[in-house]
$ cat coords_26.txt   # compact mmCIF, C-alpha atoms and all ligand atoms
# COMPACT_ATOMS: atom_id res chain seq x y z
CA MET A 89 126.89 90.09 -85.20
CA PRO A 90 130.67 90.63 -84.86
CA ALA A 91 132.06 94.11 -85.50
CA SER A 92 135.49 92.91 -86.51
CA ILE A 93 136.36 89.54 -87.99
CA PRO A 94 139.50 87.73 -86.77
CA PRO A 95 141.51 85.70 -89.34
CA GLN A 96 139.95 82.29 -89.89
CA PRO A 97 141.26 78.96 -91.12
CA ALA A 98 140.13 77.39 -94.40
CA LEU A 99 137.93 74.31 -94.70
CA GLU A 100 139.40 71.87 -97.19
CA THR A 101 139.13 68.40 -98.63
CA ARG A 102 142.31 66.81 -99.93
CA ASN A 103 142.05 63.87 -102.31
CA VAL A 104 138.80 62.69 -100.75
CA THR A 105 137.28 59.47 -102.06
CA VAL A 106 133.97 58.04 -100.81
CA SER A 107 133.06 54.47 -101.77
CA PHE A 108 129.69 52.80 -101.27
CA GLY A 109 130.48 49.13 -101.79
CA GLY A 110 132.47 49.12 -105.01
CA PHE A 111 130.99 52.40 -106.27
CA ASN A 112 132.86 55.69 -105.86
CA ALA A 113 130.45 58.56 -105.18
CA LEU A 114 133.54 60.83 -104.92
CA THR A 115 137.00 60.23 -106.36
CA ASP A 116 140.06 62.23 -105.31
CA VAL A 117 138.18 65.47 -104.61
CA THR A 118 140.27 68.45 -103.47
CA MET A 119 138.58 71.74 -102.69
CA THR A 120 139.02 74.79 -100.47
CA LEU A 121 136.50 77.07 -98.81
CA SER A 122 137.90 80.29 -97.35
CA ALA A 123 136.44 82.76 -94.87
CA GLY A 124 134.35 85.53 -96.38
CA SER A 125 134.10 84.00 -99.84
CA VAL A 126 131.25 82.33 -101.71
CA VAL A 127 132.24 79.14 -103.49
CA GLY A 128 129.90 77.25 -105.79
CA LEU A 129 129.45 73.53 -106.31
CA ILE A 130 127.53 72.44 -109.39
CA GLY A 131 127.14 69.27 -111.40
CA PRO A 132 124.47 67.06 -112.94
CA ASN A 133 122.20 64.78 -110.90
CA GLY A 134 124.16 62.13 -109.03
CA ALA A 135 127.48 63.98 -109.47
CA GLY A 136 128.30 63.69 -105.76
CA LYS A 137 127.43 67.19 -104.50
CA THR A 138 125.41 66.10 -101.47
CA THR A 139 127.99 63.42 -100.64
CA LEU A 140 130.68 66.14 -100.56
CA VAL A 141 128.55 68.30 -98.26
CA ASN A 142 128.01 65.25 -96.04
CA VAL A 143 131.78 64.73 -95.88
CA LEU A 144 132.39 68.39 -94.93
CA THR A 145 129.77 68.25 -92.17
CA GLY A 146 130.59 64.88 -90.60
CA PHE A 147 127.55 62.97 -91.96
CA GLN A 148 129.84 60.82 -94.12
CA SER A 149 133.43 59.74 -93.43
CA PRO A 150 135.82 59.72 -96.37
CA SER A 151 137.03 56.27 -97.46
CA SER A 152 140.39 57.95 -98.10
CA GLY A 153 141.79 61.48 -98.16
CA GLU A 154 141.59 64.26 -95.60
CA VAL A 155 139.17 66.91 -94.39
CA LEU A 156 141.01 69.84 -92.82
CA LEU A 157 139.80 72.77 -90.78
CA GLY A 158 142.94 74.89 -90.78
CA THR A 159 145.58 72.35 -89.82
CA GLU A 160 143.21 70.09 -87.87
CA ALA A 161 142.18 66.81 -89.54
CA VAL A 162 138.41 66.61 -88.92
CA GLY A 163 137.36 63.81 -91.30
CA ALA A 164 136.34 61.49 -88.49
CA TYR A 165 134.50 64.14 -86.43
CA SER A 166 130.76 63.87 -85.77
CA PRO A 167 128.26 66.36 -87.23
CA PHE A 168 127.77 67.74 -83.71
CA ALA A 169 131.51 68.24 -83.17
CA LEU A 170 131.86 70.02 -86.52
CA ARG A 171 128.83 72.20 -85.77
CA ARG A 172 130.56 73.25 -82.55
CA LEU A 173 133.70 74.06 -84.54
CA GLY A 174 131.63 76.43 -86.68
CA ILE A 175 130.55 74.39 -89.72
CA ALA A 176 126.82 74.81 -90.31
CA ARG A 177 124.58 73.52 -93.09
CA THR A 178 121.10 73.65 -94.46
CA PHE A 179 119.33 70.65 -95.92
CA GLN A 180 117.49 70.25 -99.22
CA ALA A 181 114.25 69.87 -97.28
CA GLY A 182 114.15 72.50 -94.52
CA ARG A 183 114.05 70.00 -91.62
CA LEU A 184 112.55 72.61 -89.28
CA PHE A 185 110.83 71.50 -86.07
CA ALA A 186 107.29 71.44 -87.44
CA GLY A 187 105.56 71.78 -84.06
CA LEU A 188 107.43 74.98 -83.08
CA ASP A 189 107.10 78.54 -84.28
CA VAL A 190 109.96 80.21 -86.14
CA LEU A 191 111.49 81.97 -83.11
CA ASP A 192 111.47 78.74 -81.11
CA ASN A 193 113.05 76.84 -84.01
CA LEU A 194 116.03 79.17 -83.75
CA ALA A 195 116.01 79.42 -79.95
CA VAL A 196 116.02 75.65 -79.50
CA THR A 197 119.03 75.48 -81.80
CA GLY A 198 120.77 78.14 -79.68
CA VAL A 199 120.06 76.15 -76.51
CA GLY A 200 121.43 73.04 -78.23
CA LEU A 201 124.62 74.99 -78.91
CA GLY A 202 124.97 75.73 -75.20
CA HIS A 203 123.24 79.11 -74.74
CA ARG A 204 120.74 79.88 -72.00
CA ARG A 205 117.14 80.11 -73.17
CA ARG A 206 116.88 83.93 -72.84
CA ALA A 207 120.21 84.51 -74.62
CA ALA A 208 119.20 82.06 -77.35
CA GLU A 209 115.91 83.94 -77.91
CA ASP A 210 117.73 87.30 -78.08
CA MET A 211 120.18 85.88 -80.58
CA ALA A 212 117.29 84.40 -82.60
CA ARG A 213 115.61 87.83 -82.82
CA GLN A 214 118.91 89.41 -83.93
CA VAL A 215 119.39 86.82 -86.67
CA LEU A 216 115.77 87.15 -87.88
CA ASP A 217 116.16 90.96 -87.93
CA TRP A 218 119.43 90.74 -89.82
CA ILE A 219 117.89 88.54 -92.50
CA GLY A 220 114.74 90.68 -92.57
CA ILE A 221 112.23 88.00 -91.53
CA ARG A 222 111.44 89.03 -87.94
CA HIS A 223 107.76 89.22 -88.95
CA LEU A 224 107.79 85.41 -89.22
CA SER A 225 108.72 84.92 -85.52
CA ASP A 226 105.31 83.66 -84.37
CA GLN A 227 104.48 81.66 -87.47
CA PRO A 228 104.29 77.89 -87.00
CA ALA A 229 107.14 76.30 -88.97
CA ALA A 230 104.76 73.66 -90.35
CA GLY A 231 102.70 76.14 -92.35
CA LEU A 232 105.48 78.23 -93.86
CA PRO A 233 105.59 78.83 -97.60
CA TYR A 234 108.53 77.10 -99.24
CA THR A 235 110.73 80.19 -99.69
CA ASP A 236 110.21 81.35 -96.10
CA GLU A 237 111.06 77.85 -94.90
CA ARG A 238 114.37 78.13 -96.78
CA ARG A 239 115.16 81.52 -95.24
CA VAL A 240 114.33 80.25 -91.76
CA GLY A 241 116.61 77.27 -92.43
CA ILE A 242 119.42 79.71 -93.22
CA ALA A 243 118.58 81.78 -90.13
CA ARG A 244 118.77 78.67 -87.99
CA ALA A 245 122.13 77.75 -89.51
CA LEU A 246 123.43 81.23 -88.60
CA MET A 247 122.65 80.70 -84.90
CA GLY A 248 125.94 80.19 -83.09
CA GLN A 249 127.81 82.39 -85.61
CA PRO A 250 129.38 79.69 -87.81
CA GLN A 251 132.64 80.16 -89.69
CA PHE A 252 131.34 78.17 -92.65
CA LEU A 253 127.86 77.73 -94.06
CA LEU A 254 127.01 74.99 -96.56
CA LEU A 255 123.77 75.61 -98.46
CA ASP A 256 122.29 72.54 -100.15
CA GLU A 257 120.05 73.68 -103.03
CA PRO A 258 118.61 76.70 -101.21
CA ALA A 259 116.94 78.10 -104.37
CA ALA A 260 115.06 74.95 -105.35
CA GLY A 261 111.47 75.88 -106.19
CA MET A 262 112.12 79.65 -106.01
CA SER A 263 111.04 82.17 -108.62
CA GLU A 264 113.67 84.30 -110.37
CA ILE A 265 112.97 87.26 -108.07
CA GLU A 266 113.15 85.10 -104.95
CA ALA A 267 116.42 83.55 -106.17
CA GLU A 268 117.83 87.06 -106.75
CA GLU A 269 116.89 88.05 -103.18
CA LEU A 270 118.53 84.86 -101.95
CA SER A 271 121.72 85.64 -103.85
CA GLN A 272 121.87 89.07 -102.17
CA LEU A 273 121.46 87.41 -98.77
CA ILE A 274 124.24 84.92 -99.57
CA ALA A 275 126.58 87.73 -100.63
CA ARG A 276 125.85 89.61 -97.36
CA ILE A 277 126.52 86.49 -95.29
CA ALA A 278 130.00 86.32 -96.78
CA SER A 279 130.85 90.04 -96.91
CA ASP A 280 129.21 91.29 -93.69
CA LEU A 281 129.68 88.26 -91.43
CA GLY A 282 132.96 86.95 -92.90
CA ILE A 283 131.48 83.48 -93.27
CA GLY A 284 132.80 81.10 -95.95
CA VAL A 285 129.74 79.95 -97.94
CA LEU A 286 129.55 76.83 -100.09
CA LEU A 287 126.56 77.06 -102.43
CA ILE A 288 125.31 73.82 -103.96
CA GLU A 289 122.73 74.55 -106.63
CA HIS A 290 121.11 73.32 -109.81
CA ASN A 291 120.42 76.98 -110.66
CA VAL A 292 123.72 77.54 -112.49
CA GLY A 293 122.89 81.19 -113.24
CA LEU A 294 122.54 81.91 -109.53
CA VAL A 295 125.85 80.18 -108.77
CA LEU A 296 127.77 81.98 -111.53
CA GLY A 297 126.26 85.30 -110.43
CA VAL A 298 127.25 85.16 -106.76
CA CYS A 299 130.29 82.84 -106.51
CA GLU A 300 133.90 83.94 -106.87
CA HIS A 301 135.05 80.38 -107.51
CA VAL A 302 133.06 77.40 -108.75
CA TYR A 303 133.82 73.67 -108.65
CA VAL A 304 132.10 71.40 -111.17
CA LEU A 305 131.58 67.77 -110.20
CA ASP A 306 130.68 65.02 -112.63
CA ALA A 307 130.49 61.33 -111.73
CA GLY A 308 132.28 62.06 -108.44
CA GLN A 309 135.22 63.97 -109.90
CA VAL A 310 136.10 67.66 -110.13
CA ILE A 311 136.08 68.18 -113.90
CA GLU A 312 136.50 71.97 -113.79
CA GLN A 313 137.02 74.84 -111.38
CA GLY A 314 137.48 78.57 -111.71
CA ASP A 315 135.60 81.85 -111.97
CA ARG A 316 132.48 82.52 -114.03
CA THR A 317 134.48 83.09 -117.22
CA ALA A 318 136.41 79.82 -116.88
CA ILE A 319 133.25 77.80 -116.20
CA LEU A 320 131.35 79.33 -119.13
CA ALA A 321 134.30 78.66 -121.46
CA SER A 322 134.75 75.03 -120.39
CA GLN A 323 134.08 72.28 -122.91
CA ALA A 324 134.22 69.70 -120.10
CA VAL A 325 131.34 71.49 -118.34
CA ARG A 326 129.28 71.64 -121.54
CA ASP A 327 129.89 67.93 -122.09
CA ALA A 328 128.86 67.09 -118.52
CA TYR A 329 125.58 68.97 -118.80
CA LEU A 330 124.67 68.29 -122.42
CA GLY A 331 126.51 65.04 -123.14
CA PRO A 332 129.65 64.69 -125.30
CA SER A 333 127.54 64.03 -128.39
CA HIS A 334 125.95 67.50 -128.47
CA GLU A 335 128.77 68.86 -130.65
CA GLU A 336 128.28 66.18 -133.27
CA ALA A 337 124.55 66.84 -133.28
CA ALA A 338 125.08 70.60 -133.74
N1 LIG B 401 124.43 56.04 -98.96
C1 LIG B 401 124.63 55.76 -100.26
N2 LIG B 401 124.77 54.48 -100.66
C2 LIG B 401 124.97 54.18 -101.96
N3 LIG B 401 125.08 55.08 -102.94
C3 LIG B 401 124.93 56.37 -102.59
C4 LIG B 401 124.71 56.80 -101.25
N4 LIG B 401 124.62 58.14 -101.22
C5 LIG B 401 124.78 58.56 -102.49
N5 LIG B 401 124.97 57.49 -103.31
C6 LIG B 401 125.21 57.56 -104.76
O1 LIG B 401 126.31 58.42 -104.96
C7 LIG B 401 126.11 59.21 -106.12
C8 LIG B 401 126.20 60.68 -105.76
O2 LIG B 401 125.03 61.05 -105.02
P1 LIG B 401 124.79 62.51 -104.48
O3 LIG B 401 123.45 62.51 -103.81
O4 LIG B 401 125.96 62.95 -103.69
O5 LIG B 401 124.72 63.34 -105.83
P2 LIG B 401 124.19 64.82 -106.07
O6 LIG B 401 125.16 65.46 -107.00
O7 LIG B 401 123.94 65.50 -104.77
O8 LIG B 401 122.82 64.53 -106.81
P3 LIG B 401 121.49 65.45 -106.92
O9 LIG B 401 121.87 66.66 -107.69
O10 LIG B 401 120.55 64.56 -107.67
O11 LIG B 401 121.03 65.76 -105.51
C9 LIG B 401 124.76 58.80 -106.71
O12 LIG B 401 124.98 57.85 -107.72
C10 LIG B 401 124.05 58.18 -105.53
O13 LIG B 401 123.11 57.22 -105.95

$ encode --input "coords_26.txt" --output "structure tokens" --more "lines below"
Ligand SMILES: Nc1ncnc2c1ncn2[C@@H]1O[C@H](COP(=O)(O)OP(=O)(O)OP(=O)(O)O)[C@@H](O)[C@H]1O
Amino acid sequence: MPASIPPQPALETRNVTVSFGGFNALTDVTMTLSAGSVVGLIGPNGAGKTTLVNVLTGFQSPSSGEVLLGTEAVGAYSPFALRRLGIARTFQAGRLFAGLDVLDNLAVTGVGLGHRRRAAEDMARQVLDWIGIRHLSDQPAAGLPYTDERRVGIARALMGQPQFLLLDEPAAGMSEIEAEELSQLIARIASDLGIGVLLIEHNVGLVLGVCEHVYVLDAGQVIEQGDRTAILASQAVRDAYLGPSHEEAA
């Protein structure tokens, strides 16, 4: 883990639109993720959250608009190229290599990033230690409980010391206590490692608790952004989650 953190560029989308046929999954989305900060992305089902993560990680090209890493336009880069530039992600389902144990899951990722096997294993042990799950090293990935699978997914994403980490619903299925532990881990990833974290979650309480800035997507558009206070005060956010008719019903 680095002792001192050099200045890092931001990861941004500028006016990004993604169309599937005639349907816009994202319309004109502009957002910024900076080093060392935790930014949240919330919104109802189908709002476009995963599509935005796919755009930021090279799994989906924007139909229009730009993706910038610092001053470099990276919207047409492959997932592999972006991973090499330091943009890592986790998936909603862990996507671990089921036939390998936890240490090997991380080590194989390190080898894929260009490290020698021994160095990749050393790095894997460091990452597992840092997260506090070294005891899982010899466990087969296939049999892991859900919450451990999530933490191993994060550990694997930290291999190769990314600049940015995009977490797609990491707390799904977790208890309140487990989600609280996860939020502490997320805060440490930003503060201790200087990584810019984008947290996509349905658990709005978790997002508002750990994120300095939150974007709210609805039907592919950013309808609100700001800190916890701004999000809680927003009528647009209430309408998106409860429907515009909830006021009349009250
Ligand atoms: N490859 C695709 N082809 C067509 N439509 C798609 C595709 N991917 C996503 N969509 C549509 O785009 C919209 C946004 O989907 P997306 O999965 O990004 O939303 P989400 O906010 O992540 O939803 P959830 O919270 O349910 O995971 C949805 O209406 C979805 O059906």

$ residues_near_ligand --input "coords_26.txt" --ligand "ligand LIG 401 (chain B)" --cutoff "7 Å" --atoms "only C-alpha atoms and all ligand atoms" --output "list in words"
Phe108, Ala113, Gly131, Pro132, Asn133, Gly134, Ala135, Gly136, Lys137, Thr138, Thr139, Leu140 and Gly308 of chain A

$ atom_distance --input "coords_26.txt" --atom1 "atom CA of A:Ala169" --atom2 "atom CA of A:Met119"
21.1 Å

$ residues_near_point --input "coords_26.txt" --point "(128.4, 81.3, -109.6)" --cutoff "12 Å" --atoms "all atoms listed in the file" --output "ChimeraX atom specification"
/A:125-130,271,274-275,285-304,313-320

$ atom_distance --input "coords_26.txt" --atom1 "atom CA of A:Ile283" --atom2 "atom CA of A:Phe252"
5.3 Å

$ closest_residue --input "coords_26.txt" --among "A:Val143, A:Ala176, A:Leu305, A:Leu255" --to "A:Gly163" --atoms "all atoms listed in the file"
A:Val143

$ atom_distance --input "coords_26.txt" --atom1 "atom CA of A:Val106" --atom2 "atom CA of A:Gly241"
27.2 Å

$ residues_around --input "coords_26.txt" --residues "A:Arg177" --least-positions-apart "4" --cutoff "8 Å" --atoms "all atoms listed in the file" --output "JSON, numbers by chain"
{"A": [145, 245, 253, 254, 255, 256]}

$ closest_residue --input "coords_26.txt" --among "A:Asp280, A:Glu269, A:Asp189, A:Asp327" --to "A:Asp226" --atoms "all atoms listed in the file"
A:Asp189

$ residues_near_point --input "coords_26.txt" --point "(139.0, 65.8, -99.5)" --cutoff "9 Å" --atoms "only C-alpha atoms" --output "list in words"
Glu100, Thr101, Arg102, Asn103, Val104, Thr105, Asp116, Val117, Thr118, Met119, Leu140, Val143, Leu144, Pro150, Ser152, Gly153, Glu154, Val155, Leu156 and Gly163 of chain A

$ residues_around --input "coords_26.txt" --residues "A:Met262" --least-positions-apart "2" --cutoff "12 Å" --atoms "only C-alpha atoms" --output "count of residues only"
23

$ closest_residue --input "coords_26.txt" --among "A:Ser279, A:Ser322, A:Ser122, A:Gln249" --to "A:Ala98" --atoms "only C-alpha atoms"
A:Ser122

$ closest_residue --input "coords_26.txt" --among "A:Ser151, A:Arg183, A:Gln96, A:Leu246" --to "A:Thr115" --atoms "all atoms listed in the file"
A:Ser151

$ closest_atom_pairs --input "coords_26.txt" --of "stretch 222-325 of chain A" --to "stretch 203-211 of chain A" --cutoff "12 Å" --atoms "all atoms listed in the file" --output "tab-separated table"
residue	atom	partner	partner_atom	distance
A:Arg222	CA	A:Asp210	CA	11.8
A:Ser225	CA	A:Glu209	CA	10.5
A:Ala243	CA	A:Met211	CA	10.5
A:Arg244	CA	A:Met211	CA	10.4
A:Leu246	CA	A:Met211	CA	9.8
A:Met247	CA	A:Met211	CA	7.2
A:Gly248	CA	A:Met211	CA	8.5
A:Gln249	CA	A:Met211	CA	9.8
